[in-house]
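Q: You'll find start38.txt just under this line, and it carries compact mmCIF, C-alpha atoms.
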```
# COMPACT_ATOMS: atom_id res chain seq x y z
CA MET A 1 5.39 -39.76 24.21
CA ILE A 2 8.13 -39.15 21.62
CA ASN A 3 9.65 -35.73 21.99
CA ARG A 4 9.94 -33.86 18.68
CA VAL A 5 11.22 -30.57 20.04
CA VAL A 6 14.31 -28.89 18.65
CA LYS A 7 15.85 -25.76 20.10
CA ASN A 8 15.25 -23.26 17.31
CA ALA A 9 15.01 -22.66 13.56
CA GLU A 10 18.77 -23.04 13.04
CA GLU A 11 18.75 -26.48 14.61
CA ALA A 12 15.60 -27.47 12.72
CA VAL A 13 17.13 -26.73 9.30
CA LYS A 14 20.68 -27.85 10.15
CA ASP A 15 20.80 -30.73 7.64
CA ILE A 16 19.03 -29.01 4.75
CA SER A 17 21.72 -28.74 2.11
CA ASP A 18 22.35 -27.51 -1.44
CA ASN A 19 20.05 -28.69 -4.24
CA MET A 20 17.35 -30.13 -2.01
CA THR A 21 13.62 -29.95 -2.66
CA LEU A 22 11.49 -28.23 -0.02
CA LEU A 23 7.75 -27.99 0.44
CA VAL A 24 7.01 -24.62 2.04
CA GLY A 25 3.60 -23.97 3.60
CA GLY A 26 1.54 -20.80 3.35
CA PHE A 27 -0.80 -18.92 1.03
CA GLY A 28 0.60 -15.55 0.03
CA LEU A 29 2.22 -14.33 3.24
CA CYS A 30 -0.41 -16.05 5.39
CA GLY A 31 0.80 -19.00 7.45
CA ILE A 32 4.38 -19.04 6.16
CA PRO A 33 7.25 -20.48 8.23
CA GLU A 34 8.96 -17.13 8.79
CA ASN A 35 11.60 -18.34 11.21
CA CYS A 36 12.74 -21.27 9.07
CA ILE A 37 12.95 -19.07 5.97
CA ASN A 38 15.16 -16.63 7.89
CA ALA A 39 17.33 -19.52 9.07
CA LEU A 40 17.74 -20.78 5.50
CA VAL A 41 18.79 -17.30 4.37
CA LYS A 42 21.41 -17.23 7.15
CA LYS A 43 22.59 -20.73 6.29
CA GLY A 44 23.20 -19.63 2.69
CA ILE A 45 22.56 -22.98 0.99
CA LYS A 46 21.92 -22.78 -2.75
CA GLY A 47 20.19 -24.53 -5.61
CA LEU A 48 16.93 -25.13 -3.76
CA THR A 49 13.75 -26.27 -5.43
CA CYS A 50 10.83 -24.78 -3.52
CA ILE A 51 7.30 -26.07 -3.86
CA SER A 52 5.01 -23.41 -2.47
CA ASN A 53 1.74 -21.90 -3.65
CA ASN A 54 3.34 -18.46 -3.98
CA ALA A 55 6.81 -16.96 -3.92
CA GLY A 56 6.46 -14.28 -1.26
CA VAL A 57 7.07 -10.57 -1.88
CA ASP A 58 10.42 -8.89 -2.52
CA ASP A 59 11.44 -8.47 1.10
CA PHE A 60 9.41 -11.11 2.93
CA GLY A 61 8.66 -14.82 2.80
CA LEU A 62 10.30 -16.82 0.02
CA GLY A 63 11.19 -13.51 -1.62
CA LEU A 64 14.08 -13.36 0.87
CA LEU A 65 15.56 -16.58 -0.54
CA LEU A 66 15.09 -15.22 -4.07
CA GLN A 67 16.97 -12.00 -3.21
CA THR A 68 19.96 -14.10 -2.14
CA LYS A 69 19.58 -16.33 -5.24
CA GLN A 70 19.29 -19.48 -3.16
CA ILE A 71 16.36 -20.83 -5.15
CA LYS A 72 17.02 -22.60 -8.45
CA LYS A 73 13.45 -23.61 -9.19
CA MET A 74 9.99 -22.61 -7.98
CA ILE A 75 6.93 -24.82 -8.33
CA SER A 76 3.88 -22.65 -7.61
CA SER A 77 0.37 -21.83 -8.78
CA TYR A 78 0.63 -18.04 -8.63
CA VAL A 79 3.70 -15.85 -8.38
CA GLY A 80 2.41 -12.38 -9.09
CA GLU A 81 3.61 -10.05 -6.38
CA ASN A 82 7.37 -10.14 -6.62
CA ALA A 83 9.57 -7.90 -8.82
CA GLU A 84 12.83 -9.78 -8.14
CA PHE A 85 11.08 -13.04 -8.99
CA GLU A 86 9.96 -11.53 -12.28
CA ARG A 87 13.46 -10.32 -13.11
CA GLN A 88 15.07 -13.71 -12.39
CA MET A 89 12.36 -15.56 -14.28
CA LEU A 90 12.60 -13.37 -17.39
CA SER A 91 16.42 -13.51 -17.38
CA GLY A 92 16.32 -17.30 -17.12
CA GLU A 93 18.18 -17.42 -13.78
CA LEU A 94 15.17 -18.96 -12.10
CA GLU A 95 13.30 -21.98 -13.37
CA VAL A 96 9.54 -21.76 -12.80
CA GLU A 97 6.92 -24.47 -13.07
CA LEU A 98 3.36 -23.20 -12.76
CA ILE A 99 0.76 -25.77 -11.79
CA PRO A 100 -2.93 -25.53 -10.86
CA GLN A 101 -3.53 -24.78 -7.19
CA GLY A 102 -5.71 -27.82 -6.57
CA THR A 103 -3.16 -30.03 -8.29
CA LEU A 104 -0.47 -28.61 -6.01
CA ALA A 105 -2.54 -29.36 -2.92
CA THR A 106 -3.55 -32.82 -4.06
CA ARG A 107 -0.03 -33.86 -5.07
CA CYS A 108 0.95 -33.10 -1.46
CA LEU A 109 -2.02 -35.03 -0.17
CA ALA A 110 -1.11 -38.03 -2.32
CA ALA A 111 2.39 -38.05 -0.84
CA GLY A 112 0.99 -37.91 2.68
CA TYR A 113 -1.45 -40.71 1.94
CA GLY A 114 1.15 -42.95 0.30
CA MET A 115 -0.31 -42.83 -3.20
CA PRO A 116 2.07 -42.34 -6.14
CA VAL A 117 -0.33 -40.57 -8.50
CA ILE A 118 -3.65 -38.80 -8.72
CA TYR A 119 -5.99 -38.23 -11.64
CA THR A 120 -7.42 -34.74 -11.90
CA PRO A 121 -9.46 -32.93 -14.56
CA ALA A 122 -7.55 -29.67 -13.92
CA GLY A 123 -5.46 -28.68 -16.92
CA VAL A 124 -6.93 -31.16 -19.41
CA GLY A 125 -6.72 -29.64 -22.90
CA THR A 126 -4.26 -26.94 -21.77
CA GLU A 127 -0.47 -26.65 -21.89
CA VAL A 128 -0.35 -28.09 -18.36
CA ALA A 129 -1.28 -31.44 -19.93
CA ILE A 130 1.60 -31.49 -22.44
CA GLY A 131 3.67 -34.65 -22.04
CA LYS A 132 1.42 -36.06 -19.33
CA GLU A 133 -0.53 -39.28 -19.37
CA THR A 134 -4.29 -38.81 -19.66
CA ARG A 135 -7.04 -41.32 -19.11
CA LYS A 136 -10.78 -41.35 -19.57
CA PHE A 137 -12.92 -42.42 -16.64
CA ASN A 138 -16.63 -42.84 -16.44
CA TYR A 139 -17.45 -41.32 -13.08
CA ASN A 140 -20.47 -39.63 -11.61
CA GLY A 141 -22.52 -40.36 -14.73
CA GLU A 142 -20.09 -38.63 -17.02
CA GLU A 143 -17.15 -39.73 -19.15
CA LYS A 144 -14.32 -37.25 -18.75
CA GLU A 145 -10.62 -37.04 -19.37
CA TYR A 146 -8.25 -36.82 -16.42
CA LEU A 147 -4.56 -35.97 -16.13
CA MET A 148 -2.20 -38.17 -14.19
CA GLU A 149 -0.13 -36.16 -11.73
CA HIS A 150 2.58 -37.51 -9.41
CA ALA A 151 2.83 -37.23 -5.65
CA PHE A 152 5.56 -34.79 -4.63
CA GLU A 153 8.80 -36.20 -3.37
CA ALA A 154 10.50 -33.59 -1.26
CA ASN A 155 13.45 -33.87 1.13
CA PHE A 156 11.83 -31.56 3.66
CA ALA A 157 8.50 -29.96 4.36
CA ILE A 158 8.56 -26.72 6.35
CA VAL A 159 5.23 -25.65 7.79
CA LYS A 160 3.84 -23.15 10.25
CA ALA A 161 1.09 -23.82 12.77
CA TRP A 162 -0.53 -21.78 15.50
CA LYS A 163 -0.16 -24.22 18.37
CA GLY A 164 1.78 -27.41 18.71
CA ASP A 165 2.81 -29.77 21.47
CA THR A 166 6.11 -31.44 22.19
CA ALA A 167 4.90 -34.62 20.43
CA GLY A 168 4.51 -32.63 17.19
CA ASN A 169 0.72 -32.44 17.14
CA LEU A 170 -0.42 -29.29 15.32
CA ILE A 171 -3.38 -26.93 15.37
CA PHE A 172 -3.68 -24.24 12.72
CA ARG A 173 -5.51 -20.94 13.01
CA SER A 174 -7.97 -19.55 10.47
CA THR A 175 -6.84 -19.37 6.82
CA ALA A 176 -3.21 -19.70 7.91
CA ARG A 177 -4.04 -23.40 7.67
CA ASN A 178 -4.09 -23.45 3.82
CA PHE A 179 -1.33 -25.73 2.44
CA ASN A 180 0.33 -26.43 5.79
CA PRO A 181 -1.47 -29.66 6.80
CA MET A 182 -0.96 -31.52 3.52
CA MET A 183 2.60 -30.29 3.16
CA ALA A 184 3.32 -31.49 6.69
CA MET A 185 2.07 -34.91 5.59
CA ALA A 186 4.15 -34.89 2.41
CA GLY A 187 7.70 -34.23 3.64
CA LYS A 188 10.22 -37.02 4.05
CA ILE A 189 11.26 -34.95 7.05
CA THR A 190 8.79 -32.36 8.31
CA ILE A 191 9.71 -29.29 10.30
CA ALA A 192 6.92 -27.38 12.04
CA GLU A 193 7.34 -23.98 13.61
CA VAL A 194 4.58 -22.77 15.90
CA GLU A 195 3.56 -19.57 17.62
CA VAL A 196 2.84 -21.42 20.85
CA LEU A 197 4.51 -24.65 21.92
CA VAL A 198 2.86 -26.51 24.80
CA GLU A 199 3.48 -29.69 26.78
CA VAL A 200 1.77 -32.92 25.74
CA GLY A 201 -1.67 -33.18 27.30
CA GLU A 202 -2.48 -29.52 26.86
CA LEU A 203 -4.08 -29.89 23.43
CA ASP A 204 -7.41 -31.65 23.07
CA PRO A 205 -6.78 -34.72 20.85
CA ASP A 206 -10.10 -34.00 19.12
CA HIS A 207 -8.79 -30.61 18.01
CA ILE A 208 -5.54 -31.75 16.41
CA HIS A 209 -5.37 -30.96 12.67
CA THR A 210 -2.07 -32.71 11.97
CA PRO A 211 -1.01 -35.64 14.16
CA GLY A 212 2.58 -35.61 15.36
CA ILE A 213 3.47 -38.74 13.40
CA TYR A 214 3.87 -36.45 10.39
CA VAL A 215 6.05 -33.94 12.25
CA ASN A 216 9.71 -34.79 12.88
CA ARG A 217 10.84 -31.51 14.39
CA ILE A 218 8.94 -28.78 16.18
CA PHE A 219 9.94 -25.50 17.77
CA GLN A 220 8.39 -22.25 18.88
CA GLY A 221 9.31 -19.44 16.50
CA GLU A 222 11.27 -16.65 18.08
CA LYS A 223 9.24 -13.88 16.46
CA TYR A 224 6.34 -13.54 14.03
CA GLU A 225 5.85 -10.48 11.88
CA LYS A 226 2.74 -11.91 10.17
CA ARG A 227 2.77 -9.28 7.46
CA ILE A 228 -0.49 -8.60 5.61
CA GLU A 229 -0.19 -8.47 1.83
CA GLN A 230 -3.34 -6.44 1.16
CA VAL A 231 -5.06 -4.66 4.00
CA THR A 232 -8.67 -4.21 2.94
CA VAL A 233 -11.10 -2.63 5.38
CA ARG A 234 -14.52 -1.05 5.46
CA LYS A 235 -15.41 2.14 7.26
CA ARG A 236 -17.67 2.05 10.26
CA ASN A 237 -21.09 3.42 9.23
CA MET B 1 -23.95 -0.30 -21.77
CA LEU B 2 -23.00 -1.60 -18.33
CA ASP B 3 -20.12 -0.53 -16.14
CA LYS B 4 -18.32 -3.02 -13.88
CA ASN B 5 -20.92 -2.68 -11.15
CA GLY B 6 -23.68 -3.16 -13.72
CA ILE B 7 -22.12 -6.42 -14.91
CA ALA B 8 -21.81 -7.56 -11.28
CA LYS B 9 -25.43 -6.59 -10.59
CA ARG B 10 -26.69 -8.55 -13.61
CA ILE B 11 -24.66 -11.61 -12.56
CA ALA B 12 -26.07 -11.37 -9.04
CA GLY B 13 -29.42 -12.19 -10.67
CA GLU B 14 -28.01 -15.64 -11.56
CA VAL B 15 -27.21 -16.41 -7.93
CA LYS B 16 -29.98 -18.46 -6.35
CA ASP B 17 -30.95 -19.10 -2.76
CA GLY B 18 -28.99 -21.97 -1.19
CA MET B 19 -26.01 -21.84 -3.53
CA TYR B 20 -22.35 -22.25 -2.61
CA VAL B 21 -20.50 -19.78 -4.82
CA ASN B 22 -16.86 -19.16 -5.67
CA LEU B 23 -16.11 -15.61 -6.85
CA GLY B 24 -12.95 -14.84 -8.80
CA ILE B 25 -10.88 -11.68 -8.55
CA GLY B 26 -12.09 -8.43 -10.19
CA ILE B 27 -15.70 -7.94 -11.32
CA PRO B 28 -16.78 -11.31 -9.84
CA THR B 29 -15.82 -10.07 -6.35
CA LEU B 30 -18.26 -7.16 -6.81
CA VAL B 31 -21.14 -9.62 -7.28
CA ALA B 32 -21.26 -10.14 -3.50
CA ASN B 33 -22.40 -6.51 -3.11
CA PHE B 34 -25.54 -7.09 -5.21
CA ILE B 35 -26.94 -10.36 -3.87
CA PRO B 36 -30.47 -9.43 -2.79
CA ASP B 37 -31.58 -9.70 0.84
CA GLY B 38 -33.33 -12.99 1.44
CA VAL B 39 -31.13 -14.86 -1.06
CA ASN B 40 -28.92 -16.95 1.20
CA VAL B 41 -25.65 -17.92 -0.42
CA VAL B 42 -22.38 -19.14 1.02
CA LEU B 43 -19.22 -17.71 -0.50
CA GLN B 44 -16.30 -20.07 -0.89
CA SER B 45 -12.75 -18.79 -0.97
CA GLU B 46 -10.37 -21.44 -2.29
CA ASN B 47 -7.70 -20.76 0.31
CA GLY B 48 -10.06 -22.42 2.77
CA ILE B 49 -13.25 -20.55 3.70
CA LEU B 50 -16.96 -21.28 3.42
CA GLY B 51 -19.03 -18.37 4.67
CA MET B 52 -16.70 -15.53 3.80
CA GLY B 53 -17.89 -12.13 5.06
CA PRO B 54 -17.08 -8.52 4.12
CA PHE B 55 -13.80 -6.69 4.73
CA PRO B 56 -13.09 -6.09 8.44
CA PHE B 57 -13.59 -2.72 10.09
CA GLU B 58 -10.44 -0.62 10.28
CA GLY B 59 -8.18 -1.89 13.03
CA GLU B 60 -9.80 -5.33 13.10
CA GLU B 61 -7.73 -6.91 10.31
CA ASP B 62 -6.38 -10.37 11.10
CA ALA B 63 -3.21 -11.48 9.29
CA ASP B 64 -4.41 -15.08 9.55
CA LEU B 65 -7.72 -14.36 7.83
CA ILE B 66 -7.50 -13.55 4.13
CA ASN B 67 -9.34 -14.47 0.94
CA ALA B 68 -7.90 -16.01 -2.22
CA GLY B 69 -7.02 -12.51 -3.43
CA LYS B 70 -4.90 -12.13 -0.25
CA GLN B 71 -7.20 -9.40 1.07
CA THR B 72 -8.19 -9.26 4.72
CA VAL B 73 -11.77 -10.51 5.20
CA THR B 74 -14.13 -11.63 7.97
CA LEU B 75 -16.13 -14.77 8.69
CA LEU B 76 -19.91 -14.92 8.89
CA LYS B 77 -21.85 -16.95 11.44
CA GLY B 78 -21.85 -20.60 10.42
CA SER B 79 -18.63 -20.32 8.44
CA SER B 80 -15.97 -23.00 8.35
CA ILE B 81 -12.24 -23.17 7.69
CA PHE B 82 -10.46 -26.02 5.95
CA ASP B 83 -7.20 -26.74 4.18
CA SER B 84 -6.37 -26.26 0.49
CA ALA B 85 -6.73 -29.94 -0.40
CA MET B 86 -10.26 -30.10 1.00
CA SER B 87 -11.07 -26.78 -0.66
CA PHE B 88 -10.26 -28.11 -4.11
CA GLY B 89 -11.83 -31.42 -3.13
CA MET B 90 -15.23 -29.77 -2.69
CA ILE B 91 -14.72 -27.91 -5.98
CA ARG B 92 -13.78 -31.10 -7.86
CA ALA B 93 -16.66 -33.02 -6.30
CA GLN B 94 -19.01 -30.28 -7.58
CA LYS B 95 -20.28 -29.33 -4.14
CA VAL B 96 -19.64 -25.70 -5.07
CA ASN B 97 -22.66 -24.83 -7.25
CA LEU B 98 -21.51 -21.77 -9.11
CA THR B 99 -18.18 -20.33 -10.21
CA ILE B 100 -17.96 -16.75 -11.43
CA LEU B 101 -14.70 -15.64 -12.97
CA GLY B 102 -13.13 -13.23 -15.41
CA ALA B 103 -11.64 -14.08 -18.81
CA MET B 104 -9.43 -12.68 -21.54
CA GLU B 105 -11.12 -14.80 -24.22
CA VAL B 106 -14.00 -17.25 -24.48
CA SER B 107 -14.69 -19.37 -27.55
CA GLU B 108 -18.07 -20.35 -28.98
CA ASN B 109 -17.65 -23.91 -27.68
CA GLY B 110 -17.03 -22.72 -24.11
CA ASP B 111 -13.23 -22.78 -23.98
CA ILE B 112 -11.76 -20.13 -21.70
CA ALA B 113 -8.39 -18.36 -21.65
CA ASN B 114 -7.64 -16.23 -18.62
CA TRP B 115 -4.18 -16.90 -17.26
CA LYS B 116 -1.41 -16.26 -19.72
CA ILE B 117 -0.41 -13.85 -22.48
CA PRO B 118 2.66 -15.10 -24.37
CA GLY B 119 5.53 -12.64 -24.13
CA LYS B 120 4.19 -11.05 -20.97
CA MET B 121 5.05 -11.87 -17.36
CA VAL B 122 3.01 -14.92 -16.44
CA LYS B 123 1.69 -14.85 -12.91
CA GLY B 124 0.14 -18.29 -12.90
CA MET B 125 -3.25 -19.92 -13.06
CA GLY B 126 -3.85 -20.08 -9.31
CA GLY B 127 -7.02 -22.10 -8.79
CA ALA B 128 -8.66 -21.18 -12.11
CA MET B 129 -7.82 -24.41 -13.96
CA ASP B 130 -9.18 -26.53 -11.11
CA LEU B 131 -12.35 -24.45 -10.93
CA VAL B 132 -13.17 -24.49 -14.64
CA ALA B 133 -12.32 -28.18 -15.02
CA SER B 134 -14.85 -29.24 -12.40
CA ALA B 135 -17.57 -26.64 -11.89
CA LYS B 136 -20.94 -27.51 -13.40
CA ASN B 137 -22.05 -23.93 -13.68
CA ILE B 138 -19.52 -21.34 -14.82
CA ILE B 139 -20.41 -17.72 -15.51
CA VAL B 140 -17.81 -15.45 -17.05
CA ALA B 141 -17.77 -11.73 -16.28
CA MET B 142 -15.81 -9.89 -18.95
CA GLN B 143 -15.58 -6.98 -21.34
CA HIS B 144 -16.98 -7.84 -24.76
CA VAL B 145 -14.02 -6.28 -26.58
CA ASN B 146 -10.42 -5.66 -25.54
CA LYS B 147 -8.68 -2.29 -25.32
CA ALA B 148 -7.73 -2.53 -29.01
CA GLY B 149 -11.42 -2.92 -29.86
CA GLU B 150 -11.12 -6.61 -30.77
CA SER B 151 -13.78 -9.10 -29.78
CA LYS B 152 -13.06 -11.40 -26.84
CA LEU B 153 -15.94 -13.71 -27.80
CA LEU B 154 -14.24 -15.77 -30.44
CA LYS B 155 -14.66 -18.70 -32.78
CA LYS B 156 -11.49 -20.15 -31.25
CA CYS B 157 -9.33 -18.80 -28.41
CA THR B 158 -5.93 -17.46 -29.48
CA LEU B 159 -4.39 -17.36 -25.98
CA PRO B 160 -3.28 -20.43 -23.98
CA LEU B 161 -6.37 -22.13 -22.55
CA THR B 162 -7.40 -22.41 -18.93
CA GLY B 163 -10.08 -25.00 -19.63
CA VAL B 164 -12.06 -26.54 -22.47
CA ARG B 165 -15.82 -26.64 -23.11
CA CYS B 166 -16.69 -25.37 -19.67
CA VAL B 167 -18.21 -21.86 -19.78
CA LYS B 168 -22.01 -21.80 -19.60
CA ARG B 169 -22.85 -18.10 -19.50
CA ILE B 170 -21.16 -14.79 -20.22
CA ILE B 171 -22.18 -11.37 -18.97
CA THR B 172 -20.45 -8.42 -20.65
CA GLU B 173 -21.01 -4.66 -20.75
CA LEU B 174 -23.14 -5.26 -23.85
CA ALA B 175 -25.05 -8.50 -23.36
CA ALA B 176 -25.94 -11.69 -21.54
CA LEU B 177 -25.14 -14.78 -23.59
CA GLU B 178 -25.39 -18.51 -23.21
CA ILE B 179 -23.00 -21.03 -24.75
CA MET B 180 -24.99 -23.70 -26.54
CA PRO B 181 -24.04 -27.38 -26.18
CA GLN B 182 -23.61 -27.60 -29.97
CA GLY B 183 -21.53 -24.37 -29.96
CA GLY B 184 -22.34 -20.72 -30.47
CA PHE B 185 -23.13 -17.71 -28.29
CA LYS B 186 -26.89 -17.47 -27.88
CA LEU B 187 -27.91 -13.90 -27.22
CA LEU B 188 -30.20 -13.80 -24.18
CA GLU B 189 -30.42 -10.11 -23.30
CA ARG B 190 -29.11 -6.72 -24.40
CA ALA B 191 -27.59 -4.31 -21.89
CA PRO B 192 -29.63 -1.12 -21.47
CA GLY B 193 -29.34 1.09 -24.54
CA VAL B 194 -27.38 -1.46 -26.59
CA SER B 195 -28.67 -2.63 -29.98
CA VAL B 196 -28.46 -6.13 -31.41
CA ASP B 197 -26.25 -4.74 -34.19
CA GLU B 198 -23.73 -3.39 -31.69
CA ILE B 199 -23.52 -6.85 -30.10
CA LYS B 200 -23.13 -8.45 -33.54
CA ASN B 201 -20.27 -6.13 -34.40
CA ALA B 202 -18.50 -6.88 -31.12
CA THR B 203 -18.81 -10.68 -31.40
CA GLN B 204 -16.38 -12.57 -33.63
CA GLY B 205 -17.66 -16.08 -32.81
CA LYS B 206 -20.99 -17.49 -33.95
CA LEU B 207 -23.82 -15.40 -32.49
CA ILE B 208 -27.24 -17.02 -32.30
CA ILE B 209 -30.15 -14.57 -32.34
CA GLU B 210 -33.64 -15.97 -31.99
CA GLY B 211 -36.65 -13.69 -32.02
CA GLU B 212 -36.90 -10.41 -30.15
CA ILE B 213 -33.99 -9.91 -27.70
CA PRO B 214 -35.15 -8.30 -24.47
CA GLU B 215 -33.27 -5.60 -22.60
CA MET B 216 -31.82 -6.60 -19.21
CA SER B 217 -33.77 -5.66 -16.16
CA LEU B 218 -31.36 -4.71 -13.40
```
Can you dump the structure from the file as structure tokens?
A:
Amino acid sequence: MINRVVKNAEEAVKDISDNMTLLVGGFGLCGIPENCINALVKKGIKGLTCISNNAGVDDFGLGLLLQTKQIKKMISSYVGENAEFERQMLSGELEVELIPQGTLATRCLAAGYGMPVIYTPAGVGTEVAIGKETRKFNYNGEEKEYLMEHAFEANFAIVKAWKGDTAGNLIFRSTARNFNPMMAMAGKITIAEVEVLVEVGELDPDHIHTPGIYVNRIFQGEKYEKRIEQVTVRKRN
Amino acid sequence: MLDKNGIAKRIAGEVKDGMYVNLGIGIPTLVANFIPDGVNVVLQSENGILGMGPFPFEGEEDADLINAGKQTVTLLKGSSIFDSAMSFGMIRAQKVNLTILGAMEVSENGDIANWKIPGKMVKGMGGAMDLVASAKNIIVAMQHVNKAGESKLLKKCTLPLTGVRCVKRIITELAALEIMPQGGFKLLERAPGVSVDEIKNATQGKLIIEGEIPEMSL
């Protein structure tokens, strides 16, 4: 079996350089590659374009790379919870492209499936459609207009899984799955960090969410904070 | 006149046994509290849950288990977890039967604006554009007028659109309305204690009133 293991986050991101485009997994702060983000902050590379559903919070997740002004452009569906993001966006320091969440997911999927474009109804008739090719299709008994959207082309995808094996096979846990599987499929080079790294043979092949063919580098993260953005609870009784 | 919980309670009456339902943030989230016993529905959260349950008990929060509003939640028996691409796949393929969401403006032909106010910090559309572009049945929960007292039920939306010709029903603090295929807000019901004239005054778009308008039963 091919061994995909690298020593740590620093080694995994060693050839990510200025002005590259990165797909970064996670939804809010859930299922984000914490160790790789920290390694990128340490590395200090600049001018990054990050494709990620959200932009973290001020002092965690992608917010850390915003604090250090390493991100030139964000492509996201929702960026609400970050004051530094807001400041950089309003001052024009940070370029922001907002796209529908399903479009974001499906553009990743298209890349992982080797398809250059998708047609989606999301955004038809809105400013998201400006400058984009549209086409009418008769489908499911209904003629509707669809927007053509391109598969992402990113230098690296950085994802986080719960368990992985040395061959790069990944299993996600709960809603920390979110964008990670399709981003893993979409990277030209994919880096996966996991909470638990095991030897090949220890994971049931039937339980693998992302096969190792999509994962070029894997390592066990040194530490996971797994911060919760909004703790909501109910009282007993 | 209805408060937020009243709007949610009235919308819960639109939720039928066997439906898969996506609830947006705000009033729509409250709808879950009013679904009657015996009406079995499955809540979808677009970050990858079918069968979303209530908030966890204190101390049982799981950082890996959140809803689309990034709040900690639980899973019910029979729930499933999937990735974001599949989540929007089931929305696009119209497997999700009902979408309930908030809005800043709705027009008489069913256009909706709920993601952007020019000149203000834009947070993004999240999954709203995908949901409204595909869902067959969209109910909007909203206030009839904004804080300045201006109608939010308009002839034409003034804010950037989220989707076109998609809203089917609107429940506000004043009324339940249906958007007609040929355009216009058809008045279905009045909120308790609200007169038809009050609804007329609060509606800028074309209001269709046919016969006696009943009061909501909640």
Q: Up to 7 Å from chain A, what residues of chain B turn up? Count all atoms listed in the file and give them as a PyMOL selection string.
A: chain B and resi 47-48+55-58+63-66+70-72+81+83-85+88+123-127+129-130+133-134+160-164
Q: Write out as an MDAnalysis selection string each polymer residue whose atoms come within 6 Å of Thr190 (chain A), counting all atoms listed in the file; drop sequence neighbours fewer than 3 positions from it.
A: chainID A and resid 156:158 184 187 215:216
Q: Using only C-alpha atoms for the distances, tell me which of A:Ile37, A:Lys46, A:Tyr119, A:Asn19 is nearest to Lys144 (chain A).
A: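 Closest to Lys144 (chain A) of all the choices is A:Tyr119.
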Q: List the neighbours of Val196 (chain A) out to 12 Å using all atoms listed in the file; skip same-chain residues closer than 3 positions along the sequence, and give me the result as a ChimeraX atom specification.
A: /A:160-166,168-173,192-193,199,202-203,218-224
Q: Please check which residues have atoms at most 7 Å from (-19.2, -26.6, -25.8) in the file's coordinates, counting only C-alpha atoms, and write them as a VMD selection string.
A: chain B and resid 109 to 110 165 to 166 179 to 183
Q: From the set A:Tyr139, A:Ala129, A:Pro211, A:Asp58, which residue has the shortest atom-to-atom contact distance to Arg4 (chain A), counting all atoms listed in the file?
A: A:Pro211
